[in-house]
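Colleague: First, the structure itself, so that you have it in front of you.
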Amino acid sequence: MLLLSGLLILKVDVKRYALPGMQKEKKASQFLGWFNLILGILLLLVNSLLQIW
């Protein structure tokens with residue numbers, strides 16, 4: 001879910017907030033999108049490592 005929501009935020013919201021006067025919203029969307037992607041990848045890696053161990 002984190003990976004999907006991160007991709008959707010980066011693809012949809014960032015483009016929507018690229019309008020003039022919405023730079024704070026664009027930066028917040030970029031941060032949240034990347035945060036979700038990175039957290040999702042980390043959780044997948046940790047889960048895989050724990051299942052092997």
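Please note that chains go A, B, ... in the order of the structure tokens, that every chain numbers its residues from 1, and that ligands are numbered from 1 in the order shown.
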Compile the contact shell of stretch 20-29 of chain A as an mmCIF file with C-alpha atoms, in the first residue's frame: residues with an atom at most 7 Å away, counting only C-alpha atoms, same-chain residues fewer than 4 positions apart removed.

Modeller:
```cif
data_model
loop_
_atom_site.group_PDB
_atom_site.id
_atom_site.type_symbol
_atom_site.label_atom_id
_atom_site.label_comp_id
_atom_site.auth_asym_id
_atom_site.auth_seq_id
_atom_site.Cartn_x
_atom_site.Cartn_y
_atom_site.Cartn_z
ATOM 1 C CA ILE A 9 1.053 10.964 -4.860
ATOM 2 C CA LEU A 10 4.087 11.555 -7.059
ATOM 3 C CA ASP A 13 -0.753 15.276 -6.710
ATOM 4 C CA VAL A 14 2.610 16.748 -7.647
ATOM 5 C CA GLY A 33 5.376 10.541 -1.989
#
```

Colleague: I need the residues of chain A that end up classed as helix (DSSP H, G or I) by DSSP on the backbone, written out as a count of residues only.

Modeller: 45

Colleague: Could you work out how far atom CA of A:Ser5 lies from atom CA of A:Asn36, giving the answer in Å with one decimal?

Modeller: 7.0 Å

Colleague: Ranking A:Leu42, A:Leu32, A:Leu49, A:Leu37 by minimum distance to A:Leu4 and counting only C-alpha atoms, which one comes first?

Modeller: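 Nearest to A:Leu4: A:Leu37.
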